[in-house]
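What follows is a short report on a single structure.
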Amino acid sequence: MPETSAHHQVLVIGGGNGGVSVAARLRRMGVEGIALVEPREQHLYKPLFSHVAGGTARAGMTVRPQRDVTPKGVKWIQDAVASIDPDTNTVALESGAIVSYGHVIVCPGVQHDWESVPGLAEALKTPSAASHYEYALAAKASPLLRDVRSGTVVFTQPSGPGSCEGAAQKPMYQACDYWRATGVLDDIRVIMVVPTGTVFGLPAIDRELDRNIAKYGIELRPRSELLEVDSLAGEVVIGGPEGTERLRYDVLNAVPPQSAPDWVKRSALPSPGDDGGYVEVDPETLRHPRFPNVWTLGDAAATTNSKCGGALRKQTLVVAKNLVAVLRGDQPSSRYDGYAVCPFTVSRSTVVWAEFDDRGDLKPTIPFWKTMYRESPVSWIFDRHVLPWVYWNLILTGRA
């Protein structure tokens, strides 16, 4: 085995939202010796991908150089993780280097398992299929949806834990609003495939979404998921416990099944029997129950909340406070409350602002505004215009 090439007091794995913002918070709290492992040269603001696919944002708005968002005083290791050994406090990188750590924060996000649906990866190479869960495919989805004038368009949401699960529906509503405005919606059959019994699972939010589903004439397929794609025939197989259905499609926008990165799955970090391979964690302190110098947050964590950027904002603060407490010799006392948020863009000018916790209770940011989840143009302005600025200027710098 190669010799350890460097040691860091805190090693952050993953340079996305969670990794950059938690590193920034730690620096602002005075922590030294932080390194961040991230192979990509570009940092992506993924919440805007659904706006890109829906035609209300340009793809270039979602990208900035990774070097520019890495906090000052944090060493950027531009490499990918090959494996982690929490017993020896070391991480092996794909370059062959070995780095050791005092504490490690595991937040690499999820991987997209395109190959787990037969035919899906091949379909994405054709002109009629896209997905807004990756940068290039979101840019592809935008003109693909815009130019539809008739036929069948299928949108799919996978089962299992995933990154911002409700985002699977967002481009659909924006596209329907556009098709209605251009007078072609009546000639388009729109099908939404969801694995849940209702469109989202929270009664108040379901009512808001169901009203828009009815308005646009969307055919909802609950308790179903994408099982197979035959791109040569232009057909998909969807289904679940109640049986299967074969549908012809003219356009397919598919969200991939997701799981923890393979190197996480192979490690000692997941709970035994966790098929998704997510990192075992105390859902409140975000500390690993078996390895006390391992912390995790974001999509790769086996927390009980819905995975989303809004959850990350609170999780990064909890991890930073608790890690600093441990470095000082104290016990971690900060607690994550399971908060999550999903802004549903139900048109090209309105949003249903769904805030909730891991028990399924509504959790509005403004406690006395009990109905702030209802469809609103104000929420659209916040989601489309205010939040991107907040992300680049406050969240990634550890200020929000």
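Ordered as shown in the structure tokens, chains take letters A, B, and onward, while each chain numbers its residues from 1 and ligands are numbered from 1 in the order shown.
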Within 7 Å of segment 155-168 of chain A: each segment 200-274 of chain A residue with its shortest pair, only C-alpha atoms, as CSV:
```
residue,atom,partner,partner_atom,distance
A:Glu225,CA,A:Pro158,CA,5.7
A:Leu226,CA,A:Thr156,CA,6.5
A:Leu252,CA,A:Phe155,CA,6.1
A:Asn253,CA,A:Phe155,CA,4.9
A:Ala254,CA,A:Thr156,CA,4.9
A:Val255,CA,A:Gln157,CA,5.5
A:Pro256,CA,A:Pro158,CA,6.4
A:Pro257,CA,A:Pro158,CA,5.4
A:Gln258,CA,A:Gly162,CA,5.6
```
Create the file for the chosen residues now, containing C-alpha atoms and written as a PDB file, in the first residue's frame.
```
ATOM      1  CA  GLU A 225     -42.193   3.137 -11.704  1.00  0.00           C
ATOM      2  CA  LEU A 226     -40.217   2.830 -14.911  1.00  0.00           C
ATOM      3  CA  LEU A 252     -39.433  10.588 -22.226  1.00  0.00           C
ATOM      4  CA  ASN A 253     -38.063  12.561 -19.275  1.00  0.00           C
ATOM      5  CA  ALA A 254     -36.756  10.014 -16.769  1.00  0.00           C
ATOM      6  CA  VAL A 255     -35.267  10.439 -13.320  1.00  0.00           C
ATOM      7  CA  PRO A 256     -32.765   7.652 -12.547  1.00  0.00           C
ATOM      8  CA  PRO A 257     -32.837   5.313  -9.559  1.00  0.00           C
ATOM      9  CA  GLN A 258     -30.201   6.465  -7.085  1.00  0.00           C
TER      10      GLN A 258
END
```
Residues near segment 32-37 of chain A, anyone? I mean within 8 Å using only C-alpha atoms, not counting same-chain ones fewer than 4 positions away, as a short mmCIF file (atom, residue, chain, number, x, y, z; two decimals) with N, CA and C atoms, in the first residue's frame.
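Generated output (out-v1.cif):
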```
data_model
loop_
_atom_site.label_atom_id
_atom_site.label_comp_id
_atom_site.auth_asym_id
_atom_site.auth_seq_id
_atom_site.Cartn_x
_atom_site.Cartn_y
_atom_site.Cartn_z
N HIS A 8 -4.84 15.52 7.41
CA HIS A 8 -5.67 16.72 7.58
C HIS A 8 -6.51 16.55 8.83
N GLN A 9 -6.64 17.63 9.58
CA GLN A 9 -7.48 17.57 10.77
C GLN A 9 -8.92 17.23 10.41
N VAL A 10 -9.41 17.85 9.32
CA VAL A 10 -10.76 17.56 8.84
C VAL A 10 -10.68 17.33 7.34
N LEU A 11 -11.15 16.16 6.90
CA LEU A 11 -11.21 15.85 5.49
C LEU A 11 -12.68 15.83 5.07
N VAL A 12 -13.03 16.65 4.09
CA VAL A 12 -14.40 16.71 3.58
C VAL A 12 -14.42 15.99 2.24
N ILE A 13 -15.27 14.99 2.11
CA ILE A 13 -15.38 14.24 0.86
C ILE A 13 -16.62 14.69 0.11
N GLY A 14 -16.40 15.36 -1.00
CA GLY A 14 -17.50 15.87 -1.82
C GLY A 14 -17.50 17.38 -1.85
N GLY A 15 -17.43 17.94 -3.06
CA GLY A 15 -17.37 19.39 -3.22
C GLY A 15 -18.64 19.99 -3.74
N GLY A 19 -20.56 19.75 0.92
CA GLY A 19 -19.14 19.78 1.22
C GLY A 19 -18.56 21.17 1.29
N VAL A 20 -18.88 22.01 0.30
CA VAL A 20 -18.35 23.37 0.28
C VAL A 20 -18.90 24.18 1.45
N ALA A 23 -17.51 23.07 4.88
CA ALA A 23 -16.12 23.51 5.00
C ALA A 23 -16.06 25.01 5.28
N ARG A 27 -14.48 26.87 8.61
CA ARG A 27 -13.46 27.91 8.53
C ARG A 27 -13.90 29.16 9.28
N GLY A 73 -8.52 29.05 2.57
CA GLY A 73 -7.97 28.33 3.71
C GLY A 73 -8.29 26.86 3.71
N VAL A 74 -9.05 26.39 2.69
CA VAL A 74 -9.36 24.97 2.54
C VAL A 74 -8.57 24.42 1.37
N LYS A 75 -7.84 23.33 1.57
CA LYS A 75 -7.07 22.73 0.49
C LYS A 75 -7.99 21.91 -0.39
N TRP A 76 -7.98 22.19 -1.68
CA TRP A 76 -8.78 21.43 -2.64
C TRP A 76 -7.93 20.30 -3.21
N ILE A 77 -8.35 19.08 -2.95
CA ILE A 77 -7.69 17.90 -3.53
C ILE A 77 -8.53 17.48 -4.73
N GLN A 78 -8.03 17.77 -5.91
CA GLN A 78 -8.80 17.47 -7.13
C GLN A 78 -8.55 16.01 -7.53
N ASP A 79 -9.30 15.15 -6.89
CA ASP A 79 -9.14 13.71 -7.08
C ASP A 79 -10.45 13.05 -6.66
N ALA A 80 -10.60 11.79 -7.00
CA ALA A 80 -11.81 11.04 -6.62
C ALA A 80 -11.44 9.99 -5.59
N VAL A 81 -12.39 9.68 -4.74
CA VAL A 81 -12.17 8.67 -3.69
C VAL A 81 -12.32 7.27 -4.29
#
```
Which of segment 94-316 of chain A counts as helix (DSSP H, G or I) under DSSP, as an mmCIF file with C-alpha atoms, in the first residue's frame please?
```
data_model
loop_
_atom_site.group_PDB
_atom_site.id
_atom_site.type_symbol
_atom_site.label_atom_id
_atom_site.label_comp_id
_atom_site.auth_asym_id
_atom_site.auth_seq_id
_atom_site.Cartn_x
_atom_site.Cartn_y
_atom_site.Cartn_z
ATOM 1 C CA TRP A 114 -29.037 4.496 -15.159
ATOM 2 C CA GLU A 115 -28.171 0.888 -15.924
ATOM 3 C CA SER A 116 -30.578 -0.443 -13.300
ATOM 4 C CA LEU A 120 -32.735 3.592 -20.103
ATOM 5 C CA ALA A 121 -29.064 4.414 -20.675
ATOM 6 C CA GLU A 122 -29.429 3.576 -24.372
ATOM 7 C CA ALA A 123 -32.611 5.654 -24.646
ATOM 8 C CA TYR A 135 -26.355 19.067 -16.507
ATOM 9 C CA ALA A 136 -26.084 18.026 -20.161
ATOM 10 C CA LEU A 137 -29.362 16.117 -20.103
ATOM 11 C CA ALA A 138 -31.228 19.056 -18.540
ATOM 12 C CA ALA A 139 -29.970 21.269 -21.350
ATOM 13 C CA LYS A 140 -31.160 18.614 -23.802
ATOM 14 C CA ALA A 141 -34.591 18.427 -22.143
ATOM 15 C CA SER A 142 -35.278 22.133 -22.561
ATOM 16 C CA PRO A 143 -35.680 22.274 -26.387
ATOM 17 C CA LEU A 144 -37.026 18.728 -26.432
ATOM 18 C CA LEU A 145 -39.999 19.694 -24.250
ATOM 19 C CA ARG A 146 -40.367 23.127 -25.795
ATOM 20 C CA GLU A 165 -37.654 13.304 -5.141
ATOM 21 C CA GLY A 166 -40.369 15.835 -5.914
ATOM 22 C CA ALA A 167 -38.108 17.541 -8.444
ATOM 23 C CA ALA A 168 -39.028 14.748 -10.865
ATOM 24 C CA GLN A 169 -42.319 16.576 -11.459
ATOM 25 C CA LYS A 170 -41.116 20.164 -11.808
ATOM 26 C CA PRO A 171 -40.319 20.360 -15.547
ATOM 27 C CA MET A 172 -43.621 18.644 -16.303
ATOM 28 C CA TYR A 173 -45.730 21.436 -14.820
ATOM 29 C CA GLN A 174 -43.626 24.129 -16.507
ATOM 30 C CA ALA A 175 -43.885 22.347 -19.860
ATOM 31 C CA CYS A 176 -47.652 21.944 -19.485
ATOM 32 C CA ASP A 177 -48.027 25.632 -18.708
ATOM 33 C CA TYR A 178 -46.023 26.472 -21.831
ATOM 34 C CA TRP A 179 -47.992 24.045 -24.002
ATOM 35 C CA ARG A 180 -51.225 25.512 -22.719
ATOM 36 C CA ALA A 181 -50.043 29.060 -23.460
ATOM 37 C CA LEU A 185 -51.702 21.124 -24.621
ATOM 38 C CA ASP A 186 -54.955 19.502 -25.797
ATOM 39 C CA ASP A 187 -52.962 17.579 -28.422
ATOM 40 C CA PRO A 203 -52.343 15.778 2.102
ATOM 41 C CA ALA A 204 -51.997 19.571 2.006
ATOM 42 C CA ILE A 205 -49.367 19.432 -0.736
ATOM 43 C CA ASP A 206 -51.266 16.735 -2.627
ATOM 44 C CA ARG A 207 -54.283 19.039 -2.824
ATOM 45 C CA GLU A 208 -52.215 21.817 -4.388
ATOM 46 C CA LEU A 209 -50.588 19.475 -6.882
ATOM 47 C CA ASP A 210 -53.776 17.557 -7.696
ATOM 48 C CA ARG A 211 -55.461 20.829 -8.676
ATOM 49 C CA ASN A 212 -52.713 21.496 -11.206
ATOM 50 C CA ILE A 213 -52.722 17.894 -12.428
ATOM 51 C CA ALA A 214 -56.422 18.268 -13.173
ATOM 52 C CA LYS A 215 -55.914 21.679 -14.765
ATOM 53 C CA TYR A 216 -53.325 20.345 -17.202
ATOM 54 C CA ASP A 262 -20.008 2.372 -4.921
ATOM 55 C CA TRP A 263 -16.953 3.142 -2.781
ATOM 56 C CA VAL A 264 -19.292 3.996 0.103
ATOM 57 C CA LYS A 265 -21.243 0.771 -0.390
ATOM 58 C CA GLY A 298 -26.661 15.214 2.445
ATOM 59 C CA ASP A 299 -27.847 12.645 -0.045
ATOM 60 C CA ALA A 300 -25.354 9.907 0.936
ATOM 61 C CA GLY A 309 -30.738 21.281 -0.550
ATOM 62 C CA GLY A 310 -32.920 22.808 2.147
ATOM 63 C CA ALA A 311 -32.066 19.906 4.432
ATOM 64 C CA LEU A 312 -28.377 20.418 3.685
ATOM 65 C CA ARG A 313 -28.468 24.033 4.836
ATOM 66 C CA LYS A 314 -29.519 22.917 8.322
ATOM 67 C CA GLN A 315 -27.355 19.789 8.362
ATOM 68 C CA THR A 316 -24.136 21.667 7.590
#
```
Q | Exercise: Val324 of chain A partners within 8 Å, only C-alpha atoms, chain neighbours under 2 positions left out, as a PyMOL selection string | A | chain A and resi 26+29+31+320-322+326-328
Q: With a distance cut-off of 6 Å and only C-alpha atoms, select the neighbouring residues of Asp250 of chain A, excluding the residue or stretch itself and same-chain residues fewer than 5 positions from it, and output the selection as a list in words.
A: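 After dropping sequence-adjacent residues, the list is Gly151, Thr152 and Val153 of chain A.
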Q) atom CA of Tyr133 of chain A and atom CA of Gln111 of chain A, how far apart in Å? A) 10.7 Å
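Residue neighbourhood of segment 356-369 of chain A, excluding near-sequence residues (fewer than 6 positions): Thr304, Asn305, Gly338, Tyr339 and Ala340 of chain A, at 6 Å, using only C-alpha atoms.
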Q: Rank nothing, just name the residue among A:Gly197, A:Gly119, A:Pro292, A:Gly217 nearest to Ser231 of chain A, using only C-alpha atoms.
A: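 Using only C-alpha atoms, Ser231 of chain A sits closest to A:Gly119.
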